[in-house]
>>> print(open('protein07.cif').read())   # mmCIF, C-alpha atoms
data_start
loop_
_atom_site.label_atom_id
_atom_site.label_comp_id
_atom_site.auth_asym_id
_atom_site.auth_seq_id
_atom_site.Cartn_x
_atom_site.Cartn_y
_atom_site.Cartn_z
CA MET A 11 4.37 11.48 6.54
CA ASP A 12 5.72 9.56 3.57
CA TRP A 13 4.36 6.13 2.94
CA LYS A 14 6.71 3.91 1.01
CA LEU A 15 5.41 0.82 -0.69
CA ASP A 16 7.53 -1.60 -2.65
CA ASP A 17 6.37 -3.89 -5.42
CA SER A 18 7.06 -7.36 -4.19
CA ARG A 19 5.24 -7.70 -0.89
CA PRO A 20 1.57 -7.45 0.11
CA ILE A 21 0.58 -3.83 0.64
CA TRP A 22 -1.21 -4.41 3.94
CA ILE A 23 1.92 -5.92 5.53
CA GLN A 24 3.96 -2.88 4.53
CA LEU A 25 1.31 -0.55 5.91
CA GLN A 26 1.24 -2.45 9.18
CA GLU A 27 5.03 -2.22 9.51
CA GLN A 28 4.97 1.53 8.91
CA LEU A 29 2.12 2.12 11.33
CA THR A 30 3.99 0.06 13.93
CA ARG A 31 7.01 2.34 13.54
CA MET A 32 4.82 5.43 13.81
CA ILE A 33 3.47 4.14 17.10
CA LEU A 34 6.88 3.12 18.51
CA SER A 35 8.44 6.42 17.51
CA GLY A 36 5.70 8.26 19.37
CA ARG A 37 4.05 9.84 16.35
CA TYR A 38 0.90 8.27 17.72
CA GLN A 39 1.18 8.47 21.47
CA VAL A 40 0.40 5.93 24.15
CA GLY A 41 -3.37 5.86 24.61
CA GLY A 42 -3.78 8.36 21.75
CA LYS A 43 -6.36 8.11 19.03
CA LEU A 44 -5.52 6.95 15.51
CA PRO A 45 -7.11 8.66 12.49
CA SER A 46 -10.03 6.84 10.86
CA VAL A 47 -9.45 4.06 8.35
CA ARG A 48 -10.64 6.29 5.54
CA ASP A 49 -8.39 9.18 6.52
CA LEU A 50 -5.35 6.94 6.83
CA ALA A 51 -6.17 5.25 3.53
CA ALA A 52 -6.47 8.61 1.80
CA GLU A 53 -3.19 9.78 3.33
CA ALA A 54 -1.35 6.68 2.13
CA GLY A 55 -3.22 6.64 -1.18
CA VAL A 56 -4.41 3.09 -0.70
CA ASN A 57 -7.67 1.22 -0.72
CA PRO A 58 -9.59 1.53 2.59
CA ASN A 59 -10.03 -2.25 2.79
CA THR A 60 -6.26 -2.69 2.60
CA MET A 61 -5.74 -0.13 5.36
CA GLN A 62 -8.42 -1.84 7.42
CA ARG A 63 -6.50 -5.09 7.15
CA ALA A 64 -3.28 -3.42 8.32
CA LEU A 65 -5.07 -1.87 11.30
CA ALA A 66 -6.67 -5.20 12.19
CA GLY A 67 -3.10 -6.55 12.20
CA LEU A 68 -2.11 -3.90 14.77
CA ASP A 69 -5.11 -4.91 16.89
CA ALA A 70 -4.04 -8.54 16.67
CA GLU A 71 -0.51 -7.62 17.86
CA GLY A 72 -2.07 -5.72 20.76
CA LEU A 73 -0.50 -2.44 19.69
CA THR A 74 -3.89 -0.83 19.22
CA VAL A 75 -7.25 -1.29 20.82
CA THR A 76 -10.56 -0.79 19.07
CA ASN A 77 -13.33 0.62 21.15
CA ARG A 78 -16.86 0.96 19.89
CA THR A 79 -17.27 4.48 21.16
CA SER A 80 -13.84 6.07 20.91
CA GLY A 81 -12.51 4.38 17.78
CA ARG A 82 -9.03 2.94 17.57
CA THR A 83 -6.39 4.04 20.09
CA VAL A 84 -2.79 3.09 20.81
CA THR A 85 -2.64 0.65 23.71
CA GLU A 86 -1.92 2.03 27.18
CA ASP A 87 -0.10 -1.16 28.04
CA THR A 88 3.50 0.01 27.62
CA SER A 89 4.85 -3.53 28.07
CA VAL A 90 3.33 -4.46 24.69
CA LEU A 91 5.06 -1.49 23.09
CA GLU A 92 8.35 -2.35 24.77
CA GLY A 93 8.05 -5.97 23.64
CA MET A 94 7.51 -4.91 20.03
CA ARG A 95 10.33 -2.39 20.20
CA ALA A 96 12.72 -5.07 21.49
CA LYS A 97 11.59 -7.55 18.86
CA LEU A 98 12.17 -5.13 15.99
CA ALA A 99 15.51 -3.99 17.46
CA ASN A 100 16.63 -7.63 17.62
CA GLU A 101 15.74 -8.11 13.98
CA LEU A 102 17.83 -5.07 13.07
CA ILE A 103 20.80 -6.37 15.08
CA GLU A 104 20.51 -9.75 13.39
CA GLN A 105 20.50 -8.05 9.98
CA PHE A 106 23.59 -6.08 10.98
CA TYR A 107 25.47 -9.23 11.99
CA GLU A 108 24.48 -10.96 8.77
CA ALA A 109 25.63 -8.04 6.65
CA ALA A 110 28.89 -7.84 8.60
CA ALA A 111 29.42 -11.59 8.11
CA GLN A 112 29.17 -11.03 4.37
CA LEU A 113 32.07 -8.61 4.71
CA GLY A 114 34.04 -11.28 6.56
CA TYR A 115 33.64 -10.08 10.15
CA THR A 116 32.95 -12.43 13.03
CA ARG A 117 30.18 -11.47 15.45
CA ASP A 118 32.77 -10.27 18.02
CA GLN A 119 34.57 -8.18 15.44
CA ALA A 120 31.28 -6.70 14.25
CA LEU A 121 30.33 -5.80 17.81
CA GLU A 122 33.76 -4.21 18.34
CA LEU A 123 33.25 -2.10 15.19
CA LEU A 124 29.91 -0.93 16.47
CA LYS A 125 31.35 0.07 19.86
CA ARG A 126 34.24 1.97 18.35
CA ARG A 127 32.04 3.93 16.00
CA LYS A 128 31.86 7.57 17.00
CA GLY A 129 28.55 9.41 17.33
CA MET B 16 -21.40 -6.20 2.57
CA SER B 17 -20.61 -9.36 0.69
CA GLU B 18 -23.80 -9.36 -1.34
CA ILE B 19 -23.35 -9.88 -5.05
CA LEU B 20 -23.71 -6.57 -6.83
CA LEU B 21 -22.73 -7.55 -10.32
CA GLN B 22 -22.96 -10.90 -12.01
CA CYS B 23 -22.01 -11.84 -15.56
CA GLN B 24 -22.79 -15.35 -16.72
CA ASP B 25 -21.50 -16.69 -20.03
CA VAL B 26 -21.75 -13.34 -21.82
CA TRP B 27 -21.15 -13.30 -25.59
CA LYS B 28 -20.95 -10.23 -27.80
CA TYR B 29 -20.16 -10.11 -31.51
CA TYR B 30 -19.29 -7.23 -33.81
CA GLY B 31 -20.37 -8.77 -37.09
CA ARG B 32 -18.37 -11.97 -37.17
CA LYS B 33 -15.80 -10.85 -34.68
CA GLU B 34 -16.27 -12.17 -31.15
CA ALA B 35 -15.58 -9.39 -28.64
CA LEU B 36 -16.80 -11.21 -25.54
CA ARG B 37 -16.58 -14.98 -25.54
CA GLY B 38 -18.47 -16.53 -22.66
CA LEU B 39 -17.29 -14.07 -20.05
CA SER B 40 -18.29 -14.85 -16.45
CA PHE B 41 -17.48 -13.23 -13.12
CA GLN B 42 -19.14 -11.65 -10.13
CA LEU B 43 -18.37 -8.69 -7.87
CA THR B 44 -19.55 -7.88 -4.37
CA GLY B 45 -20.23 -4.42 -2.93
CA GLY B 46 -17.64 -2.18 -1.30
CA LYS B 47 -14.72 -3.01 -3.58
CA ILE B 48 -12.38 -1.20 -5.93
CA VAL B 49 -11.63 -3.54 -8.80
CA GLY B 50 -9.21 -3.17 -11.70
CA LEU B 51 -10.29 -4.41 -15.11
CA LEU B 52 -7.00 -5.21 -16.81
CA GLY B 53 -6.23 -6.64 -20.20
CA PRO B 54 -4.27 -5.93 -23.36
CA ASN B 55 -5.67 -3.80 -26.20
CA GLY B 56 -8.65 -5.41 -27.85
CA SER B 57 -9.29 -7.81 -24.98
CA GLY B 58 -12.89 -6.60 -24.54
CA LYS B 59 -12.64 -4.09 -21.68
CA THR B 60 -14.60 -1.27 -23.29
CA THR B 61 -17.13 -3.70 -24.79
CA LEU B 62 -17.72 -5.15 -21.32
CA MET B 63 -18.16 -1.66 -19.86
CA LYS B 64 -20.73 -0.84 -22.54
CA VAL B 65 -22.60 -4.09 -21.96
CA LEU B 66 -22.72 -3.44 -18.21
CA ASN B 67 -24.05 0.01 -18.88
CA GLY B 68 -26.76 -1.23 -21.26
CA LEU B 69 -25.28 0.54 -24.30
CA LEU B 70 -24.68 -2.79 -25.98
CA ARG B 71 -26.87 -5.82 -25.74
CA PRO B 72 -25.06 -9.14 -25.47
CA GLU B 73 -25.99 -11.89 -27.94
CA ARG B 74 -26.02 -14.51 -25.24
CA GLY B 75 -25.66 -14.85 -21.49
CA SER B 76 -26.95 -12.86 -18.55
CA VAL B 77 -25.86 -9.66 -16.86
CA LEU B 78 -27.37 -8.80 -13.50
CA ILE B 79 -26.65 -5.59 -11.61
CA ASP B 80 -28.23 -5.48 -8.17
CA GLY B 81 -30.45 -8.31 -9.42
CA GLU B 82 -31.66 -6.55 -12.58
CA THR B 83 -30.66 -6.68 -16.23
CA PRO B 84 -29.21 -3.38 -17.54
CA GLY B 85 -32.06 -0.91 -18.08
CA ILE B 86 -33.81 2.02 -16.47
CA TYR B 87 -33.29 0.81 -12.91
CA THR B 88 -29.61 -0.06 -13.31
CA LYS B 89 -28.90 3.33 -14.90
CA SER B 90 -30.15 4.96 -11.73
CA ILE B 91 -27.53 3.10 -9.66
CA VAL B 92 -24.64 2.90 -12.13
CA SER B 93 -22.33 5.85 -12.70
CA TYR B 94 -20.45 5.45 -15.95
CA LEU B 95 -17.36 7.20 -17.21
CA PRO B 96 -17.09 6.39 -20.93
CA ASP B 97 -13.80 6.21 -22.78
CA LYS B 98 -14.72 9.33 -24.76
CA THR B 99 -16.21 12.64 -23.72
CA TYR B 100 -19.70 13.11 -25.08
CA PHE B 101 -20.84 16.52 -23.88
CA ALA B 102 -21.87 19.38 -26.12
CA ASP B 103 -18.89 21.72 -26.11
CA TRP B 104 -20.93 24.92 -25.94
CA MET B 105 -22.14 23.99 -22.45
CA LYS B 106 -20.61 25.52 -19.37
CA VAL B 107 -19.36 23.25 -16.60
CA SER B 108 -22.18 24.56 -14.40
CA ASP B 109 -24.71 23.67 -17.14
CA LEU B 110 -23.47 20.10 -16.99
CA PHE B 111 -23.94 20.06 -13.24
CA GLY B 112 -27.55 21.20 -13.84
CA LEU B 113 -28.01 18.49 -16.46
CA PHE B 114 -26.77 15.77 -14.13
CA GLU B 115 -28.91 17.14 -11.31
CA ASP B 116 -31.97 16.77 -13.56
CA PHE B 117 -31.02 13.33 -14.79
CA TYR B 118 -29.82 11.60 -11.65
CA GLY B 119 -31.52 11.69 -8.27
CA ASP B 120 -28.26 10.71 -6.57
CA PHE B 121 -26.19 13.61 -7.95
CA ASP B 122 -24.65 15.72 -5.20
CA ARG B 123 -24.11 19.19 -6.63
CA GLY B 124 -22.34 20.45 -3.52
CA LYS B 125 -19.77 17.72 -3.91
CA ALA B 126 -19.28 18.55 -7.59
CA GLU B 127 -18.73 22.24 -6.79
CA GLU B 128 -16.28 21.33 -4.04
CA MET B 129 -14.24 19.06 -6.29
CA SER B 130 -14.16 21.68 -9.04
CA TRP B 131 -12.86 24.18 -6.57
CA ALA B 132 -10.16 21.77 -5.36
CA LEU B 133 -9.14 21.01 -8.93
CA GLU B 134 -9.21 24.73 -9.77
CA ILE B 135 -11.80 24.41 -12.50
CA ASP B 136 -13.83 27.52 -13.26
CA THR B 137 -17.40 26.28 -13.58
CA ASN B 138 -18.34 29.29 -15.74
CA GLN B 139 -16.05 28.10 -18.51
CA ARG B 140 -17.50 26.47 -21.58
CA MET B 141 -16.33 22.93 -22.32
CA LYS B 142 -14.77 23.97 -25.63
CA THR B 143 -12.42 26.39 -23.91
CA LEU B 144 -11.02 23.69 -21.63
CA SER B 145 -8.00 21.52 -22.35
CA LYS B 146 -8.47 17.81 -22.99
CA GLY B 147 -7.16 16.89 -19.54
CA THR B 148 -9.44 19.41 -17.85
CA ARG B 149 -12.46 18.12 -19.77
CA GLU B 150 -11.61 14.64 -18.52
CA LYS B 151 -11.45 15.97 -14.98
CA VAL B 152 -14.88 17.59 -15.35
CA GLN B 153 -16.28 14.32 -16.57
CA LEU B 154 -14.77 12.45 -13.64
CA ILE B 155 -16.20 15.04 -11.22
CA LEU B 156 -19.66 14.48 -12.69
CA VAL B 157 -19.36 10.71 -12.38
CA MET B 158 -17.88 10.67 -8.87
CA SER B 159 -20.41 13.19 -7.53
CA ARG B 160 -23.14 10.62 -7.88
CA ASN B 161 -23.93 8.47 -4.90
CA ALA B 162 -24.00 5.32 -7.00
CA LYS B 163 -23.82 1.63 -6.16
CA LEU B 164 -21.59 0.80 -9.09
CA TYR B 165 -19.06 3.09 -10.74
CA LEU B 166 -17.81 1.98 -14.14
CA LEU B 167 -14.72 3.97 -15.07
CA ASP B 168 -13.32 3.29 -18.52
CA GLU B 169 -9.71 4.55 -18.65
CA PRO B 170 -10.22 7.42 -16.17
CA ILE B 171 -6.57 8.48 -15.98
CA ALA B 172 -5.23 7.83 -19.46
CA GLY B 173 -5.34 11.40 -20.71
CA VAL B 174 -3.98 13.34 -17.76
CA ASP B 175 -0.48 14.07 -16.51
CA PRO B 176 1.07 11.99 -13.68
CA ALA B 177 0.48 14.63 -11.01
CA ALA B 178 -3.18 14.93 -11.94
CA ARG B 179 -3.37 11.13 -12.00
CA ASP B 180 -2.51 10.99 -8.32
CA TYR B 181 -5.12 13.63 -7.61
CA ILE B 182 -7.74 11.76 -9.59
CA LEU B 183 -7.01 8.50 -7.82
CA ALA B 184 -7.30 10.30 -4.50
CA THR B 185 -10.58 11.76 -5.74
CA ILE B 186 -11.87 8.31 -6.54
CA LEU B 187 -10.72 6.97 -3.16
CA ASN B 188 -12.27 9.84 -1.22
CA ASN B 189 -15.52 10.13 -3.07
CA TYR B 190 -16.87 6.74 -3.89
CA ASN B 191 -19.78 5.55 -1.89
CA PRO B 192 -18.24 3.07 0.64
CA GLU B 193 -20.98 0.51 0.00
CA GLY B 194 -20.51 0.92 -3.72
CA THR B 195 -18.13 -0.87 -6.02
CA VAL B 196 -15.76 0.79 -8.46
CA LEU B 197 -14.66 -1.02 -11.62
CA ILE B 198 -11.70 0.74 -13.27
CA SER B 199 -10.31 -0.30 -16.63
CA THR B 200 -6.78 0.85 -17.33
CA HIS B 201 -3.40 0.08 -18.82
CA LEU B 202 -1.59 2.14 -16.20
CA ILE B 203 -1.48 -0.66 -13.68
CA SER B 204 1.40 0.50 -11.54
CA ASP B 205 -0.37 3.82 -11.02
CA VAL B 206 -3.60 2.30 -9.75
CA GLU B 207 -2.37 -0.88 -8.12
CA ARG B 208 -2.35 0.38 -4.56
CA VAL B 209 -5.93 1.62 -4.68
CA LEU B 210 -7.32 -1.71 -5.88
CA ASP B 211 -8.74 -4.54 -3.81
CA GLU B 212 -9.06 -6.95 -6.60
CA VAL B 213 -8.09 -7.36 -10.24
CA LEU B 214 -9.85 -8.97 -13.15
CA PHE B 215 -7.52 -10.02 -15.98
CA ILE B 216 -9.33 -10.41 -19.26
CA GLN B 217 -8.05 -11.67 -22.59
CA ASP B 218 -9.86 -12.48 -25.84
CA GLY B 219 -13.21 -11.69 -24.22
CA GLN B 220 -12.79 -14.10 -21.34
CA VAL B 221 -11.81 -13.78 -17.70
CA LEU B 222 -8.30 -15.13 -17.27
CA ARG B 223 -8.09 -14.65 -13.53
CA GLN B 224 -9.78 -12.75 -10.73
CA GLU B 225 -7.74 -12.25 -7.60
CA LEU B 226 -7.03 -9.98 -4.64
CA VAL B 227 -4.05 -7.69 -5.22
CA ASP B 228 -2.43 -8.70 -1.94
CA ASP B 229 -2.98 -12.40 -2.69
CA ILE B 230 -1.12 -11.97 -5.98
CA ARG B 231 1.74 -10.24 -4.20
CA GLU B 232 1.81 -12.91 -1.51
CA LYS B 233 1.68 -15.87 -3.87
CA GLU B 234 3.74 -14.60 -6.76
CA GLY B 235 6.11 -12.29 -4.88
CA LYS B 236 5.56 -9.65 -7.51
CA SER B 237 3.34 -6.71 -8.23
CA VAL B 238 0.22 -6.92 -10.39
CA ASP B 239 2.03 -4.79 -12.96
CA GLU B 240 4.84 -7.34 -13.22
CA LEU B 241 2.38 -10.21 -13.34
CA PHE B 242 0.48 -8.51 -16.15
CA ARG B 243 3.65 -8.11 -18.20
CA GLU B 244 4.41 -11.77 -17.67
CA VAL B 245 0.94 -13.12 -18.44
CA PHE B 246 0.41 -11.00 -21.53
CA ARG B 247 3.97 -11.12 -22.84
CA THR B 248 4.28 -11.41 -26.58
CA VAL B 249 7.46 -12.59 -28.21
CA PRO B 250 8.76 -9.87 -30.50
CA TYR B 251 9.36 -10.41 -34.16
CA GLY B 252 12.69 -12.19 -34.51
CA GLY B 253 12.48 -13.75 -31.03
CA GLY B 254 14.29 -12.60 -27.90
CA ALA B 255 13.01 -11.04 -24.73
CA ALA B 256 9.96 -8.81 -24.82
CA ASN B 257 10.45 -7.56 -21.30
CA VAL B 258 12.78 -4.67 -21.93
CA ARG B 259 12.83 -2.69 -18.73
#
>>> encode(input="protein07.cif", output="structure tokens")
Amino acid sequence: MDWKLDDSRPIWIQLQEQLTRMILSGRYQVGGKLPSVRDLAAEAGVNPNTMQRALAGLDAEGLTVTNRTSGRTVTEDTSVLEGMRAKLANELIEQFYEAAAQLGYTRDQALELLKRRKG
Amino acid sequence: MSEILLQCQDVWKYYGRKEALRGLSFQLTGGKIVGLLGPNGSGKTTLMKVLNGLLRPERGSVLIDGETPGIYTKSIVSYLPDKTYFADWMKVSDLFGLFEDFYGDFDRGKAEEMSWALEIDTNQRMKTLSKGTREKVQLILVMSRNAKLYLLDEPIAGVDPAARDYILATILNNYNPEGTVLISTHLISDVERVLDEVLFIQDGQVLRQELVDDIREKEGKSVDELFREVFRTVPYGGGAANVR
């Protein structure tokens, strides 16, 4: 897995976003265990405290659950995952409309373009 | 976790008439990786030497785990100096033996393991190794101690970019989680993501001490960019110094 970090934004936020995508894409499965903070930090090449903060962010969103005995697992509540998936998809759609508007397309025209696109 | 591990209070150090440290004050808690950043001649190496008890400050107090630098602090501080100091006729394995004798917290198994991972033949004599490899050996020795405070003076300056990544991973994977690592370097963009906190120093004083992510949040830029901005010098003849 490639971790990509840009220069302008806090590192923990970027880690949280990437972990969220790994969970939604099924790389970490529903109810499945996440690697330890230290292992994830080593994999991403970041400070363990920074990774800890990103994981605490996932807990706060309800995407993961921390259990004293079994460590941190992906939530089994699929409605939380669906909610997050829909939220991120909406953001993407909004970005698409905005970019299309910059090319001079109305929302209807942009939608029409999307429908007509093959594949 | 948030106990103060290192405290410097109004520390002054002179070399003859030249002031190297000018009333430097800061404190660090345990469990952190901290970058010590500053332009050439800002006092980074002097500070490292003072913390390690190699130099005695003229004024001010330095406390490490509650004690002034001395016999006790040397048992809990693992120091990587800016120069290698080992006799070059010694084999790598001799150095492991030396460290085992000197430091109760030296983990020889860990040192052997790291040498193996870095493909260093421990039967080689230091003089037969390249400069970069010697630096790696030295880092292995320092990181194989189970110390409370690691003082690393320019640990990645002399090695190639690929080895740099490996060394940073080595530091991340091998420091004692309750311990604190203080790394001085110019190669900010290389180390930025492994740091919790940075300490900017200039003219022997602390300019700012902040969390990396707080800097990014507040300034909207990386520590590397901030450094270039804070320490920018106007070139001879005027104009922009930031040629990138």
>>> residues_around(input="protein07.cif", residues="segment 70-82 of chain A", least_positions_apart="6", cutoff="7 Å", atoms="all atoms listed in the file", output="NGL selection string")
:A and (43-44 or 90-91)
>>> atom_distance(input="protein07.cif", atom1="atom CA of Arg179 of chain B", atom2="atom CA of Asp205 of chain B")
8.0 Å
>>> closest_residue(input="protein07.cif", among="B:Met141, B:Ile48, B:Leu69, B:Leu95", to="chain A", atoms="all atoms listed in the file")
B:Ile48
>>> atom_distance(input="protein07.cif", atom1="atom CA of Lys89 of chain B", atom2="atom CA of Glu169 of chain B")
19.6 Å
>>> closest_atom_pairs(input="protein07.cif", of="chain B", to="chain A", cutoff="8 Å", atoms="all atoms listed in the file", output="Markdown table")
| residue | atom | partner | partner_atom | distance |
| --- | --- | --- | --- | --- |
| B:Lys47 | CA | A:Asn59 | CA | 7.9 |
| B:Ile48 | CA | A:Asn57 | CA | 7.4 |
| B:Leu183 | CA | A:Gly55 | CA | 7.9 |
| B:Ala184 | CA | A:Gly55 | CA | 6.4 |
| B:Leu187 | CA | A:Ala52 | CA | 6.7 |
| B:Asn188 | CA | A:Ala52 | CA | 6.7 |
| B:Arg208 | CA | A:Val56 | CA | 5.1 |
| B:Val209 | CA | A:Asn57 | CA | 4.3 |
| B:Leu210 | CA | A:Asn57 | CA | 5.9 |
| B:Asp211 | CA | A:Asn57 | CA | 6.6 |
| B:Val227 | CA | A:Pro20 | CA | 7.7 |
| B:Asp228 | CA | A:Pro20 | CA | 4.7 |
| B:Asp229 | CA | A:Pro20 | CA | 7.3 |
| B:Arg231 | CA | A:Pro20 | CA | 5.1 |
| B:Glu232 | CA | A:Pro20 | CA | 5.7 |
| B:Gly235 | CA | A:Ser18 | CA | 5.1 |
| B:Lys236 | CA | A:Ser18 | CA | 4.3 |
| B:Ser237 | CA | A:Asp17 | CA | 5.0 |
>>> residues_around(input="protein07.cif", residues="segment 22-30 of chain B", least_positions_apart="6", cutoff="10 Å", atoms="only C-alpha atoms", output="PyMOL selection string")
chain B and resi 36-44+58+61-62+65-66+70-83+219-220
>>> atom_distance(input="protein07.cif", atom1="atom CA of Gly45 of chain B", atom2="atom CA of Lys163 of chain B")
7.7 Å
>>> resolve_selection(input="protein07.cif", expression="the PyMOL selection byres ((chain B and resi 197) around 7)", output="short mmCIF file (atom, residue, chain, number, x, y, z; two decimals) with C-alpha atoms, keeping the file's coordinate frame")
data_model
loop_
_atom_site.label_atom_id
_atom_site.label_comp_id
_atom_site.auth_asym_id
_atom_site.auth_seq_id
_atom_site.Cartn_x
_atom_site.Cartn_y
_atom_site.Cartn_z
CA ILE B 48 -12.38 -1.20 -5.93
CA VAL B 49 -11.63 -3.54 -8.80
CA GLY B 50 -9.21 -3.17 -11.70
CA LEU B 51 -10.29 -4.41 -15.11
CA TYR B 165 -19.06 3.09 -10.74
CA LEU B 166 -17.81 1.98 -14.14
CA LEU B 167 -14.72 3.97 -15.07
CA THR B 195 -18.13 -0.87 -6.02
CA VAL B 196 -15.76 0.79 -8.46
CA ILE B 198 -11.70 0.74 -13.27
CA SER B 199 -10.31 -0.30 -16.63
#
>>> build_atoms(input="protein07.cif", residues="segment 68-86 of chain A", atoms="N, CA and C atoms", output="tab-separated table (two decimals), in the coordinates of the input")
chain	number	residue	atom	x	y	z
A	68	LEU	N	-2.60	-4.59	13.56
A	68	LEU	CA	-2.11	-3.90	14.77
A	68	LEU	C	-2.93	-4.33	15.98
A	69	ASP	N	-4.23	-4.45	15.80
A	69	ASP	CA	-5.11	-4.91	16.89
A	69	ASP	C	-4.67	-6.30	17.35
A	70	ALA	N	-4.40	-7.16	16.36
A	70	ALA	CA	-4.04	-8.54	16.67
A	70	ALA	C	-2.71	-8.60	17.45
A	71	GLU	N	-1.79	-7.68	17.14
A	71	GLU	CA	-0.51	-7.62	17.86
A	71	GLU	C	-0.68	-6.98	19.23
A	72	GLY	N	-1.83	-6.39	19.48
A	72	GLY	CA	-2.07	-5.72	20.76
A	72	GLY	C	-1.54	-4.30	20.83
A	73	LEU	N	-1.05	-3.80	19.70
A	73	LEU	CA	-0.50	-2.44	19.69
A	73	LEU	C	-1.61	-1.39	19.75
A	74	THR	N	-2.75	-1.74	19.18
A	74	THR	CA	-3.89	-0.83	19.22
A	74	THR	C	-5.10	-1.56	19.78
A	75	VAL	N	-6.03	-0.75	20.25
A	75	VAL	CA	-7.25	-1.29	20.82
A	75	VAL	C	-8.43	-0.61	20.13
A	76	THR	N	-9.40	-1.39	19.71
A	76	THR	CA	-10.56	-0.79	19.07
A	76	THR	C	-11.73	-0.77	20.04
A	77	ASN	N	-12.24	0.42	20.21
A	77	ASN	CA	-13.33	0.62	21.15
A	77	ASN	C	-14.53	1.14	20.38
A	78	ARG	N	-15.69	0.61	20.70
A	78	ARG	CA	-16.86	0.96	19.89
A	78	ARG	C	-17.16	2.45	19.93
A	79	THR	N	-16.91	3.07	21.07
A	79	THR	CA	-17.27	4.48	21.16
A	79	THR	C	-16.14	5.42	20.76
A	80	SER	N	-14.91	5.09	21.14
A	80	SER	CA	-13.84	6.07	20.91
A	80	SER	C	-12.97	5.75	19.70
A	81	GLY	N	-13.32	4.71	18.95
A	81	GLY	CA	-12.51	4.38	17.78
A	81	GLY	C	-11.27	3.59	18.17
A	82	ARG	N	-10.25	3.74	17.37
A	82	ARG	CA	-9.03	2.94	17.57
A	82	ARG	C	-7.96	3.80	18.25
A	83	THR	N	-7.44	3.30	19.38
A	83	THR	CA	-6.39	4.04	20.09
A	83	THR	C	-5.16	3.17	20.27
A	84	VAL	N	-4.01	3.81	20.49
A	84	VAL	CA	-2.79	3.09	20.81
A	84	VAL	C	-2.96	2.51	22.22
A	85	THR	N	-2.47	1.30	22.41
A	85	THR	CA	-2.64	0.65	23.71
A	85	THR	C	-1.98	1.47	24.83
A	86	GLU	N	-2.55	1.36	26.03
A	86	GLU	CA	-1.92	2.03	27.18
A	86	GLU	C	-0.98	1.08	27.90
